[in-house]
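Single-structure report; data block below.
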Amino acid sequence: MKFLTVAAVAAGLAIAGSANASVNLVTNGSFEDGLNGWTLISTGSGQGYSPTVVITTDGIGRGYPNGAFGEGVAADDAAGPFQDNGTKAVYFSSDVPGESLTQTINLSAGWYEVGFDAYVPQNGYNNPNDATFTATIGTNVWAPVLLKGTSIGASNWMHYSAVVNVADAQNNVPTSFTFSATGFPAVDVLVDRVYIAAVPEPMTWTLMIMGFGGAGAALRRQRRRLAAI
Ligand SMILES: [Ca+2]
Ligand SMILES: [Ca+2]
C-alpha cells in the first residue's frame, strides 16, 4: 500500500534528524517510577538536611516529603525532547551539600545531547542562598547551572541541554546529576525529564561543550505569583 510506504519514509527522516525521536539512554529519567534506576548519594547531614524525594507534580500543595513545602507544582511543561507527560519529579531541597543521582550507561564514542528540566518553587526561591545543579558523564564535567542566579525564576519549568563528545568508547560510564547548596538555607529545585541521546556530530554551529544553555526562556509560562509559605 502506497500510504504505508510514505509513512515509513517520513518516520525514518524524523529519527535521523532529531534527538527528539532517538532513544533516551537514561533509565527512568521521568521519575515516574520514583528513584528506580538511580543511586542516590548524600554527602551532607545535620541542620538543614532534607533527603531528596520524588513528589507528585499535579498542582496540589502538599507538605514535605510528599510535596514542595505546601506549594502545588504543575507538571513539567517546558519545551524539549522526551516529554514524559507524567506527574512525578525529583525534589532536591537540602541546604547542606550535596545530593547526587547516579546511574551507569553504556556509551560508545560519539556525540550526545544531555538535558533536564528544572523548577524552583517559590519557597525555595525565597531562600537567601543560591544552589547549583550540574552533570557529569564519565570524566566530562559540565558548568553548574545556578538555580537562582539565572533567568529560571520562581515557579517556572526551564529546559537545559548541552551537546557533549565522548572521545573514546566507554562501557558503564557513571553519569551523575548533582545538586549542591551554597549556603544555609539554599534554593530548592525540582528536576524532571533527564535524558541522554545520541546526536549527529555538530558541523557548523559553535559547540556548547560542557556548558548548559537555557532554551526555554521564550516559551516559559508567565510566572505565577504565589504567597510565600
Ligand atoms: Ca516526570
Ligand atoms: Ca533548601
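Each chain in the C-alpha cells gets a letter, A, B and so on, in the order shown; residues start at 1 in every chain, and ligands are counted from 1 in the order they appear.
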Assign secondary structure with DSSP using the backbone only, and return the residues of range 35-213 of chain A in helix (DSSP H, G or I) as a tab-separated table (two decimals) with N, CA and C atoms, in the first residue's frame.
chain	number	residue	atom	x	y	z
A	122	GLN	N	8.46	28.58	44.83
A	122	GLN	CA	8.51	29.91	45.44
A	122	GLN	C	9.21	29.89	46.80
A	123	ASN	N	8.90	28.89	47.59
A	123	ASN	CA	9.51	28.83	48.92
A	123	ASN	C	11.02	28.69	48.82
A	124	GLY	N	11.47	27.82	47.92
A	124	GLY	CA	12.91	27.66	47.73
A	124	GLY	C	13.55	28.90	47.15
A	125	TYR	N	12.82	29.58	46.28
A	125	TYR	CA	13.36	30.79	45.66
A	125	TYR	C	13.58	31.89	46.68
Hey, could you make a per-residue contact list for chain A against ligand 2 with 12 Å as the cut-off, showing the nearest pair of atoms and its distance in Å to one decimal, counting only C-alpha atoms and all ligand atoms, sorted by chain and number, as CSV?
residue,atom,partner,partner_atom_place_in_ligand_line,distance
A:Gln47,CA,ligand 2,1 (Ca),11.1
A:Gly48,CA,ligand 2,1 (Ca),7.4
A:Tyr49,CA,ligand 2,1 (Ca),8.3
A:Ser50,CA,ligand 2,1 (Ca),8.1
A:Pro51,CA,ligand 2,1 (Ca),10.6
A:Thr52,CA,ligand 2,1 (Ca),10.7
A:Tyr64,CA,ligand 2,1 (Ca),11.6
A:Ala68,CA,ligand 2,1 (Ca),10.2
A:Phe69,CA,ligand 2,1 (Ca),10.3
A:Tyr91,CA,ligand 2,1 (Ca),10.1
A:Phe92,CA,ligand 2,1 (Ca),7.5
A:Ser93,CA,ligand 2,1 (Ca),4.0
A:Ser94,CA,ligand 2,1 (Ca),4.8
A:Asp95,CA,ligand 2,1 (Ca),4.6
A:Val96,CA,ligand 2,1 (Ca),8.2
A:Pro97,CA,ligand 2,1 (Ca),10.1
A:Gly98,CA,ligand 2,1 (Ca),11.0
A:Glu99,CA,ligand 2,1 (Ca),11.7
A:Val120,CA,ligand 2,1 (Ca),10.1
A:Pro121,CA,ligand 2,1 (Ca),10.0
A:Gln122,CA,ligand 2,1 (Ca),11.0
A:Asn123,CA,ligand 2,1 (Ca),8.5
A:Gly124,CA,ligand 2,1 (Ca),5.7
A:Tyr125,CA,ligand 2,1 (Ca),8.7
A:Asn126,CA,ligand 2,1 (Ca),9.5
A:Asn127,CA,ligand 2,1 (Ca),6.9
A:Pro128,CA,ligand 2,1 (Ca),9.5
A:Asn129,CA,ligand 2,1 (Ca),8.6
A:Asp130,CA,ligand 2,1 (Ca),9.1
A:Ala131,CA,ligand 2,1 (Ca),8.3
A:Thr132,CA,ligand 2,1 (Ca),11.3
A:Leu147,CA,ligand 2,1 (Ca),11.3
A:Lys148,CA,ligand 2,1 (Ca),11.7
A:Phe179,CA,ligand 2,1 (Ca),10.5
A:Ser180,CA,ligand 2,1 (Ca),9.9
A:Ala181,CA,ligand 2,1 (Ca),7.4
A:Thr182,CA,ligand 2,1 (Ca),9.9
A:Gly183,CA,ligand 2,1 (Ca),9.1
A:Phe184,CA,ligand 2,1 (Ca),7.6
A:Pro185,CA,ligand 2,1 (Ca),5.4
A:Ala186,CA,ligand 2,1 (Ca),4.3
A:Val187,CA,ligand 2,1 (Ca),4.7
A:Asp188,CA,ligand 2,1 (Ca),4.4
A:Val189,CA,ligand 2,1 (Ca),8.0
A:Leu190,CA,ligand 2,1 (Ca),11.0
Just list the residues in range 100-203 of chain A DSSP gives strand (DSSP E or B) on the backbone, as a PDB file with N, CA and C atoms, in the first residue's frame.
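part26.pdb, freshly written:
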ATOM      1  N   SER A 100      23.374  13.686  45.030  1.00  0.00           N
ATOM      2  CA  SER A 100      23.570  13.323  43.626  1.00  0.00           C
ATOM      3  C   SER A 100      22.815  12.058  43.275  1.00  0.00           C
ATOM      4  N   LEU A 101      22.342  12.032  42.048  1.00  0.00           N
ATOM      5  CA  LEU A 101      21.703  10.861  41.463  1.00  0.00           C
ATOM      6  C   LEU A 101      22.622  10.317  40.392  1.00  0.00           C
ATOM      7  N   THR A 102      22.902   9.019  40.455  1.00  0.00           N
ATOM      8  CA  THR A 102      23.861   8.426  39.529  1.00  0.00           C
ATOM      9  C   THR A 102      23.285   7.159  38.920  1.00  0.00           C
ATOM     10  N   GLN A 103      23.593   6.935  37.658  1.00  0.00           N
ATOM     11  CA  GLN A 103      23.383   5.628  37.051  1.00  0.00           C
ATOM     12  C   GLN A 103      24.479   5.415  36.019  1.00  0.00           C
ATOM     13  N   THR A 104      24.727   4.174  35.680  1.00  0.00           N
ATOM     14  CA  THR A 104      25.769   3.875  34.697  1.00  0.00           C
ATOM     15  C   THR A 104      25.119   3.552  33.365  1.00  0.00           C
ATOM     16  N   ILE A 105      25.719   4.070  32.309  1.00  0.00           N
ATOM     17  CA  ILE A 105      25.120   3.970  30.977  1.00  0.00           C
ATOM     18  C   ILE A 105      26.203   3.551  29.980  1.00  0.00           C
ATOM     19  N   ASN A 106      25.883   2.607  29.147  1.00  0.00           N
ATOM     20  CA  ASN A 106      26.814   2.210  28.089  1.00  0.00           C
ATOM     21  C   ASN A 106      26.831   3.265  27.005  1.00  0.00           C
ATOM     22  N   LEU A 107      27.989   3.855  26.782  1.00  0.00           N
ATOM     23  CA  LEU A 107      28.141   4.855  25.736  1.00  0.00           C
ATOM     24  C   LEU A 107      29.287   4.445  24.815  1.00  0.00           C
ATOM     25  N   GLY A 110      31.233   9.118  20.490  1.00  0.00           N
ATOM     26  CA  GLY A 110      30.322   9.872  19.647  1.00  0.00           C
ATOM     27  C   GLY A 110      29.789  11.103  20.357  1.00  0.00           C
ATOM     28  N   TRP A 111      28.747  11.657  19.764  1.00  0.00           N
ATOM     29  CA  TRP A 111      28.165  12.896  20.273  1.00  0.00           C
ATOM     30  C   TRP A 111      26.821  12.617  20.915  1.00  0.00           C
ATOM     31  N   TYR A 112      26.571  13.311  21.998  1.00  0.00           N
ATOM     32  CA  TYR A 112      25.341  13.096  22.754  1.00  0.00           C
ATOM     33  C   TYR A 112      24.754  14.437  23.187  1.00  0.00           C
ATOM     34  N   GLU A 113      23.436  14.497  23.155  1.00  0.00           N
ATOM     35  CA  GLU A 113      22.745  15.631  23.782  1.00  0.00           C
ATOM     36  C   GLU A 113      22.284  15.172  25.157  1.00  0.00           C
ATOM     37  N   VAL A 114      22.554  15.996  26.142  1.00  0.00           N
ATOM     38  CA  VAL A 114      22.170  15.711  27.524  1.00  0.00           C
ATOM     39  C   VAL A 114      21.286  16.856  28.006  1.00  0.00           C
ATOM     40  N   GLY A 115      20.244  16.528  28.714  1.00  0.00           N
ATOM     41  CA  GLY A 115      19.373  17.603  29.161  1.00  0.00           C
ATOM     42  C   GLY A 115      18.526  17.227  30.358  1.00  0.00           C
ATOM     43  N   PHE A 116      17.917  18.238  30.923  1.00  0.00           N
ATOM     44  CA  PHE A 116      16.961  18.060  32.025  1.00  0.00           C
ATOM     45  C   PHE A 116      16.121  19.318  32.122  1.00  0.00           C
ATOM     46  N   ASP A 117      15.026  19.229  32.881  1.00  0.00           N
ATOM     47  CA  ASP A 117      14.198  20.398  33.171  1.00  0.00           C
ATOM     48  C   ASP A 117      14.271  20.682  34.665  1.00  0.00           C
ATOM     49  N   ALA A 118      14.234  21.944  35.015  1.00  0.00           N
ATOM     50  CA  ALA A 118      14.333  22.337  36.418  1.00  0.00           C
ATOM     51  C   ALA A 118      13.238  23.345  36.758  1.00  0.00           C
ATOM     52  N   TYR A 119      12.830  23.325  38.031  1.00  0.00           N
ATOM     53  CA  TYR A 119      11.750  24.178  38.542  1.00  0.00           C
ATOM     54  C   TYR A 119      12.113  24.581  39.966  1.00  0.00           C
ATOM     55  N   ASN A 129      20.232  31.888  49.829  1.00  0.00           N
ATOM     56  CA  ASN A 129      21.443  31.413  49.155  1.00  0.00           C
ATOM     57  C   ASN A 129      21.117  30.642  47.886  1.00  0.00           C
ATOM     58  N   ALA A 131      21.949  27.777  44.807  1.00  0.00           N
ATOM     59  CA  ALA A 131      22.332  26.370  44.735  1.00  0.00           C
ATOM     60  C   ALA A 131      22.652  26.087  43.272  1.00  0.00           C
ATOM     61  N   THR A 132      23.308  24.983  43.032  1.00  0.00           N
ATOM     62  CA  THR A 132      23.651  24.634  41.655  1.00  0.00           C
ATOM     63  C   THR A 132      23.179  23.223  41.346  1.00  0.00           C
ATOM     64  N   PHE A 133      22.992  22.991  40.066  1.00  0.00           N
ATOM     65  CA  PHE A 133      22.696  21.646  39.586  1.00  0.00           C
ATOM     66  C   PHE A 133      23.604  21.408  38.389  1.00  0.00           C
ATOM     67  N   THR A 134      24.260  20.265  38.377  1.00  0.00           N
ATOM     68  CA  THR A 134      25.223  20.020  37.308  1.00  0.00           C
ATOM     69  C   THR A 134      25.247  18.542  36.962  1.00  0.00           C
ATOM     70  N   ALA A 135      25.950  18.211  35.905  1.00  0.00           N
ATOM     71  CA  ALA A 135      26.004  16.827  35.432  1.00  0.00           C
ATOM     72  C   ALA A 135      27.424  16.451  35.073  1.00  0.00           C
ATOM     73  N   THR A 136      27.719  15.171  35.238  1.00  0.00           N
ATOM     74  CA  THR A 136      28.971  14.618  34.742  1.00  0.00           C
ATOM     75  C   THR A 136      28.662  13.338  33.981  1.00  0.00           C
ATOM     76  N   ILE A 137      29.383  13.157  32.874  1.00  0.00           N
ATOM     77  CA  ILE A 137      29.298  11.911  32.116  1.00  0.00           C
ATOM     78  C   ILE A 137      30.721  11.397  32.002  1.00  0.00           C
ATOM     79  N   ASN A 140      33.635  13.906  31.862  1.00  0.00           N
ATOM     80  CA  ASN A 140      33.160  15.211  31.408  1.00  0.00           C
ATOM     81  C   ASN A 140      32.342  15.876  32.502  1.00  0.00           C
ATOM     82  N   VAL A 141      32.723  17.065  32.883  1.00  0.00           N
ATOM     83  CA  VAL A 141      32.023  17.807  33.934  1.00  0.00           C
ATOM     84  C   VAL A 141      31.451  19.083  33.325  1.00  0.00           C
ATOM     85  N   VAL A 145      24.671  24.802  36.686  1.00  0.00           N
ATOM     86  CA  VAL A 145      23.581  25.743  36.489  1.00  0.00           C
ATOM     87  C   VAL A 145      23.282  26.419  37.816  1.00  0.00           C
ATOM     88  N   LEU A 146      23.358  27.741  37.854  1.00  0.00           N
ATOM     89  CA  LEU A 146      22.951  28.476  39.045  1.00  0.00           C
ATOM     90  C   LEU A 146      21.429  28.565  39.047  1.00  0.00           C
ATOM     91  N   MET A 158      12.030  25.088  33.347  1.00  0.00           N
ATOM     92  CA  MET A 158      13.008  25.550  32.354  1.00  0.00           C
ATOM     93  C   MET A 158      13.805  24.359  31.841  1.00  0.00           C
ATOM     94  N   HIS A 159      14.037  24.366  30.543  1.00  0.00           N
ATOM     95  CA  HIS A 159      14.789  23.271  29.905  1.00  0.00           C
ATOM     96  C   HIS A 159      16.253  23.659  29.745  1.00  0.00           C
ATOM     97  N   TYR A 160      17.135  22.742  30.087  1.00  0.00           N
ATOM     98  CA  TYR A 160      18.568  22.942  29.900  1.00  0.00           C
ATOM     99  C   TYR A 160      19.117  21.766  29.097  1.00  0.00           C
ATOM    100  N   SER A 161      20.046  22.065  28.182  1.00  0.00           N
ATOM    101  CA  SER A 161      20.654  20.971  27.421  1.00  0.00           C
ATOM    102  C   SER A 161      22.048  21.377  26.978  1.00  0.00           C
ATOM    103  N   ALA A 162      22.831  20.388  26.640  1.00  0.00           N
ATOM    104  CA  ALA A 162      24.175  20.615  26.128  1.00  0.00           C
ATOM    105  C   ALA A 162      24.542  19.452  25.223  1.00  0.00           C
ATOM    106  N   VAL A 163      25.495  19.699  24.326  1.00  0.00           N
ATOM    107  CA  VAL A 163      25.999  18.644  23.460  1.00  0.00           C
ATOM    108  C   VAL A 163      27.415  18.310  23.906  1.00  0.00           C
ATOM    109  N   VAL A 164      27.683  17.037  24.048  1.00  0.00           N
ATOM    110  CA  VAL A 164      28.971  16.602  24.588  1.00  0.00           C
ATOM    111  C   VAL A 164      29.549  15.508  23.698  1.00  0.00           C
ATOM    112  N   ASN A 165      30.859  15.520  23.564  1.00  0.00           N
ATOM    113  CA  ASN A 165      31.551  14.493  22.800  1.00  0.00           C
ATOM    114  C   ASN A 165      32.208  13.494  23.747  1.00  0.00           C
ATOM    115  N   VAL A 166      31.883  12.223  23.555  1.00  0.00           N
ATOM    116  CA  VAL A 166      32.578  11.145  24.259  1.00  0.00           C
ATOM    117  C   VAL A 166      33.652  10.631  23.309  1.00  0.00           C
ATOM    118  N   GLN A 170      33.274   3.944  25.843  1.00  0.00           N
ATOM    119  CA  GLN A 170      33.256   3.721  27.282  1.00  0.00           C
ATOM    120  C   GLN A 170      32.072   2.819  27.606  1.00  0.00           C
ATOM    121  N   ASN A 171      32.334   1.846  28.443  1.00  0.00           N
ATOM    122  CA  ASN A 171      31.258   0.990  28.913  1.00  0.00           C
ATOM    123  C   ASN A 171      30.931   1.339  30.353  1.00  0.00           C
ATOM    124  N   ASN A 172      29.636   1.327  30.662  1.00  0.00           N
ATOM    125  CA  ASN A 172      29.193   1.586  32.030  1.00  0.00           C
ATOM    126  C   ASN A 172      29.774   2.879  32.587  1.00  0.00           C
ATOM    127  N   VAL A 173      29.619   3.942  31.813  1.00  0.00           N
ATOM    128  CA  VAL A 173      30.097   5.244  32.255  1.00  0.00           C
ATOM    129  C   VAL A 173      29.190   5.756  33.366  1.00  0.00           C
ATOM    130  N   PRO A 174      29.756   6.149  34.514  1.00  0.00           N
ATOM    131  CA  PRO A 174      28.904   6.735  35.550  1.00  0.00           C
ATOM    132  C   PRO A 174      28.415   8.113  35.118  1.00  0.00           C
ATOM    133  N   THR A 175      27.123   8.283  35.160  1.00  0.00           N
ATOM    134  CA  THR A 175      26.501   9.554  34.812  1.00  0.00           C
ATOM    135  C   THR A 175      25.807  10.092  36.050  1.00  0.00           C
ATOM    136  N   SER A 176      26.211  11.281  36.472  1.00  0.00           N
ATOM    137  CA  SER A 176      25.707  11.829  37.728  1.00  0.00           C
ATOM    138  C   SER A 176      25.086  13.201  37.519  1.00  0.00           C
ATOM    139  N   PHE A 177      24.034  13.466  38.265  1.00  0.00           N
ATOM    140  CA  PHE A 177      23.414  14.784  38.326  1.00  0.00           C
ATOM    141  C   PHE A 177      23.439  15.207  39.786  1.00  0.00           C
ATOM    142  N   THR A 178      24.052  16.356  40.052  1.00  0.00           N
ATOM    143  CA  THR A 178      24.347  16.724  41.433  1.00  0.00           C
ATOM    144  C   THR A 178      23.775  18.084  41.786  1.00  0.00           C
ATOM    145  N   PHE A 179      23.058  18.117  42.913  1.00  0.00           N
ATOM    146  CA  PHE A 179      22.537  19.345  43.500  1.00  0.00           C
ATOM    147  C   PHE A 179      23.471  19.754  44.630  1.00  0.00           C
ATOM    148  N   SER A 180      23.877  21.016  44.646  1.00  0.00           N
ATOM    149  CA  SER A 180      24.760  21.499  45.708  1.00  0.00           C
ATOM    150  C   SER A 180      24.235  22.817  46.255  1.00  0.00           C
ATOM    151  N   ALA A 181      24.039  22.879  47.557  1.00  0.00           N
ATOM    152  CA  ALA A 181      23.664  24.127  48.215  1.00  0.00           C
ATOM    153  C   ALA A 181      24.915  24.974  48.424  1.00  0.00           C
ATOM    154  N   ALA A 186      19.345  27.252  51.343  1.00  0.00           N
ATOM    155  CA  ALA A 186      19.594  27.451  49.917  1.00  0.00           C
ATOM    156  C   ALA A 186      18.372  27.088  49.082  1.00  0.00           C
ATOM    157  N   VAL A 189      15.095  22.791  44.301  1.00  0.00           N
ATOM    158  CA  VAL A 189      14.820  22.606  42.876  1.00  0.00           C
ATOM    159  C   VAL A 189      14.156  21.253  42.646  1.00  0.00           C
ATOM    160  N   LEU A 190      13.190  21.268  41.721  1.00  0.00           N
ATOM    161  CA  LEU A 190      12.656  20.015  41.184  1.00  0.00           C
ATOM    162  C   LEU A 190      13.303  19.778  39.831  1.00  0.00           C
ATOM    163  N   VAL A 191      13.556  18.520  39.521  1.00  0.00           N
ATOM    164  CA  VAL A 191      14.162  18.147  38.249  1.00  0.00           C
ATOM    165  C   VAL A 191      13.320  17.045  37.622  1.00  0.00           C
ATOM    166  N   ASP A 192      13.126  17.145  36.315  1.00  0.00           N
ATOM    167  CA  ASP A 192      12.354  16.120  35.598  1.00  0.00           C
ATOM    168  C   ASP A 192      12.948  15.969  34.197  1.00  0.00           C
ATOM    169  N   ARG A 193      12.558  14.916  33.512  1.00  0.00           N
ATOM    170  CA  ARG A 193      12.877  14.673  32.099  1.00  0.00           C
ATOM    171  C   ARG A 193      14.384  14.729  31.847  1.00  0.00           C
ATOM    172  N   VAL A 194      15.105  13.910  32.565  1.00  0.00           N
ATOM    173  CA  VAL A 194      16.549  13.796  32.365  1.00  0.00           C
ATOM    174  C   VAL A 194      16.798  12.874  31.176  1.00  0.00           C
ATOM    175  N   TYR A 195      17.650  13.300  30.258  1.00  0.00           N
ATOM    176  CA  TYR A 195      17.898  12.449  29.095  1.00  0.00           C
ATOM    177  C   TYR A 195      19.331  12.564  28.588  1.00  0.00           C
ATOM    178  N   ILE A 196      19.767  11.500  27.959  1.00  0.00           N
ATOM    179  CA  ILE A 196      20.998  11.463  27.173  1.00  0.00           C
ATOM    180  C   ILE A 196      20.651  10.727  25.892  1.00  0.00           C
ATOM    181  N   ALA A 197      20.937  11.333  24.757  1.00  0.00           N
ATOM    182  CA  ALA A 197      20.575  10.728  23.478  1.00  0.00           C
ATOM    183  C   ALA A 197      21.666  10.989  22.452  1.00  0.00           C
ATOM    184  N   ALA A 198      21.964   9.990  21.649  1.00  0.00           N
ATOM    185  CA  ALA A 198      22.957  10.158  20.594  1.00  0.00           C
ATOM    186  C   ALA A 198      22.457  11.164  19.567  1.00  0.00           C
ATOM    187  N   VAL A 199      23.351  12.027  19.101  1.00  0.00           N
ATOM    188  CA  VAL A 199      23.009  13.015  18.075  1.00  0.00           C
ATOM    189  C   VAL A 199      24.109  13.015  17.021  1.00  0.00           C
TER     190      VAL A 199
END
Open item on the list: Using only C-alpha atoms and all ligand atoms, which residues of the polymer chains come no farther than 10 Å from ligand 1? I'd like the answer as a ChimeraX atom specification.
Closed with: /A:28-34,54-57,75-76,83-90,117,191-194
Would you export the selected residues with N, CA and C atoms as a PDB file, in the first residue's frame, please?
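Generated output (again.pdb):
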ATOM      1  N   ASN A  28      14.468   5.700  33.568  1.00  0.00           N
ATOM      2  CA  ASN A  28      13.565   6.414  34.465  1.00  0.00           C
ATOM      3  C   ASN A  28      13.975   7.880  34.645  1.00  0.00           C
ATOM      4  N   GLY A  29      14.364   8.522  33.544  1.00  0.00           N
ATOM      5  CA  GLY A  29      14.668   9.953  33.594  1.00  0.00           C
ATOM      6  C   GLY A  29      13.428  10.791  33.860  1.00  0.00           C
ATOM      7  N   SER A  30      12.253  10.201  33.750  1.00  0.00           N
ATOM      8  CA  SER A  30      10.988  10.893  34.018  1.00  0.00           C
ATOM      9  C   SER A  30      10.597  10.847  35.491  1.00  0.00           C
ATOM     10  N   PHE A  31      11.237   9.962  36.257  1.00  0.00           N
ATOM     11  CA  PHE A  31      10.947   9.761  37.687  1.00  0.00           C
ATOM     12  C   PHE A  31       9.522   9.278  37.930  1.00  0.00           C
ATOM     13  N   GLU A  32       8.876   8.787  36.874  1.00  0.00           N
ATOM     14  CA  GLU A  32       7.525   8.232  37.058  1.00  0.00           C
ATOM     15  C   GLU A  32       7.576   6.937  37.860  1.00  0.00           C
ATOM     16  N   ASP A  33       8.752   6.306  37.911  1.00  0.00           N
ATOM     17  CA  ASP A  33       8.946   5.102  38.735  1.00  0.00           C
ATOM     18  C   ASP A  33       9.744   5.426  39.991  1.00  0.00           C
ATOM     19  N   GLY A  34       9.533   6.615  40.535  1.00  0.00           N
ATOM     20  CA  GLY A  34      10.264   7.001  41.744  1.00  0.00           C
ATOM     21  C   GLY A  34      11.745   7.145  41.453  1.00  0.00           C
ATOM     22  N   VAL A  54      10.972  11.937  45.543  1.00  0.00           N
ATOM     23  CA  VAL A  54      10.150  12.124  44.343  1.00  0.00           C
ATOM     24  C   VAL A  54       8.759  12.544  44.793  1.00  0.00           C
ATOM     25  N   ILE A  55       8.269  13.659  44.231  1.00  0.00           N
ATOM     26  CA  ILE A  55       6.958  14.172  44.624  1.00  0.00           C
ATOM     27  C   ILE A  55       6.030  14.219  43.416  1.00  0.00           C
ATOM     28  N   THR A  56       4.750  14.445  43.695  1.00  0.00           N
ATOM     29  CA  THR A  56       3.749  14.492  42.628  1.00  0.00           C
ATOM     30  C   THR A  56       3.595  15.910  42.111  1.00  0.00           C
ATOM     31  N   THR A  57       3.645  16.066  40.797  1.00  0.00           N
ATOM     32  CA  THR A  57       3.521  17.380  40.159  1.00  0.00           C
ATOM     33  C   THR A  57       2.149  17.480  39.495  1.00  0.00           C
ATOM     34  N   ALA A  75       2.838  20.082  36.453  1.00  0.00           N
ATOM     35  CA  ALA A  75       3.649  19.118  35.717  1.00  0.00           C
ATOM     36  C   ALA A  75       4.605  19.843  34.769  1.00  0.00           C
ATOM     37  N   ASP A  76       5.735  19.222  34.514  1.00  0.00           N
ATOM     38  CA  ASP A  76       6.757  19.768  33.616  1.00  0.00           C
ATOM     39  C   ASP A  76       6.141  20.083  32.253  1.00  0.00           C
ATOM     40  N   GLN A  83       9.316  14.390  26.180  1.00  0.00           N
ATOM     41  CA  GLN A  83       8.224  14.773  27.076  1.00  0.00           C
ATOM     42  C   GLN A  83       7.673  13.510  27.730  1.00  0.00           C
ATOM     43  N   ASP A  84       7.511  13.539  29.051  1.00  0.00           N
ATOM     44  CA  ASP A  84       7.041  12.305  29.685  1.00  0.00           C
ATOM     45  C   ASP A  84       5.556  12.346  30.037  1.00  0.00           C
ATOM     46  N   ASN A  85       4.967  13.536  30.030  1.00  0.00           N
ATOM     47  CA  ASN A  85       3.523  13.667  30.297  1.00  0.00           C
ATOM     48  C   ASN A  85       3.106  13.031  31.617  1.00  0.00           C
ATOM     49  N   GLY A  86       4.038  12.956  32.556  1.00  0.00           N
ATOM     50  CA  GLY A  86       3.734  12.324  33.830  1.00  0.00           C
ATOM     51  C   GLY A  86       3.481  13.339  34.928  1.00  0.00           C
ATOM     52  N   THR A  87       3.383  12.842  36.148  1.00  0.00           N
ATOM     53  CA  THR A  87       3.094  13.701  37.301  1.00  0.00           C
ATOM     54  C   THR A  87       4.045  13.415  38.454  1.00  0.00           C
ATOM     55  N   LYS A  88       5.297  13.091  38.116  1.00  0.00           N
ATOM     56  CA  LYS A  88       6.314  12.878  39.149  1.00  0.00           C
ATOM     57  C   LYS A  88       7.586  13.630  38.760  1.00  0.00           C
ATOM     58  N   ALA A  89       8.272  14.155  39.759  1.00  0.00           N
ATOM     59  CA  ALA A  89       9.571  14.799  39.546  1.00  0.00           C
ATOM     60  C   ALA A  89      10.387  14.633  40.818  1.00  0.00           C
ATOM     61  N   VAL A  90      11.694  14.717  40.691  1.00  0.00           N
ATOM     62  CA  VAL A  90      12.552  14.571  41.858  1.00  0.00           C
ATOM     63  C   VAL A  90      12.783  15.950  42.482  1.00  0.00           C
ATOM     64  N   ASP A 117      15.026  19.229  32.881  1.00  0.00           N
ATOM     65  CA  ASP A 117      14.198  20.398  33.171  1.00  0.00           C
ATOM     66  C   ASP A 117      14.271  20.682  34.665  1.00  0.00           C
ATOM     67  N   VAL A 191      13.556  18.520  39.521  1.00  0.00           N
ATOM     68  CA  VAL A 191      14.162  18.147  38.249  1.00  0.00           C
ATOM     69  C   VAL A 191      13.320  17.045  37.622  1.00  0.00           C
ATOM     70  N   ASP A 192      13.126  17.145  36.315  1.00  0.00           N
ATOM     71  CA  ASP A 192      12.354  16.120  35.598  1.00  0.00           C
ATOM     72  C   ASP A 192      12.948  15.969  34.197  1.00  0.00           C
ATOM     73  N   ARG A 193      12.558  14.916  33.512  1.00  0.00           N
ATOM     74  CA  ARG A 193      12.877  14.673  32.099  1.00  0.00           C
ATOM     75  C   ARG A 193      14.384  14.729  31.847  1.00  0.00           C
ATOM     76  N   VAL A 194      15.105  13.910  32.565  1.00  0.00           N
ATOM     77  CA  VAL A 194      16.549  13.796  32.365  1.00  0.00           C
ATOM     78  C   VAL A 194      16.798  12.874  31.176  1.00  0.00           C
TER      79      VAL A 194
END
Task: For Val53 in chain A, the nearest of the candidates A:Leu25, A:Ile41, A:Met203, A:Asn66, counting only C-alpha atoms - done: A:Asn66
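Reported to one decimal place, the separation of CA of Ala78 in chain A from CA of Thr139 in chain A is 28.5 Å.
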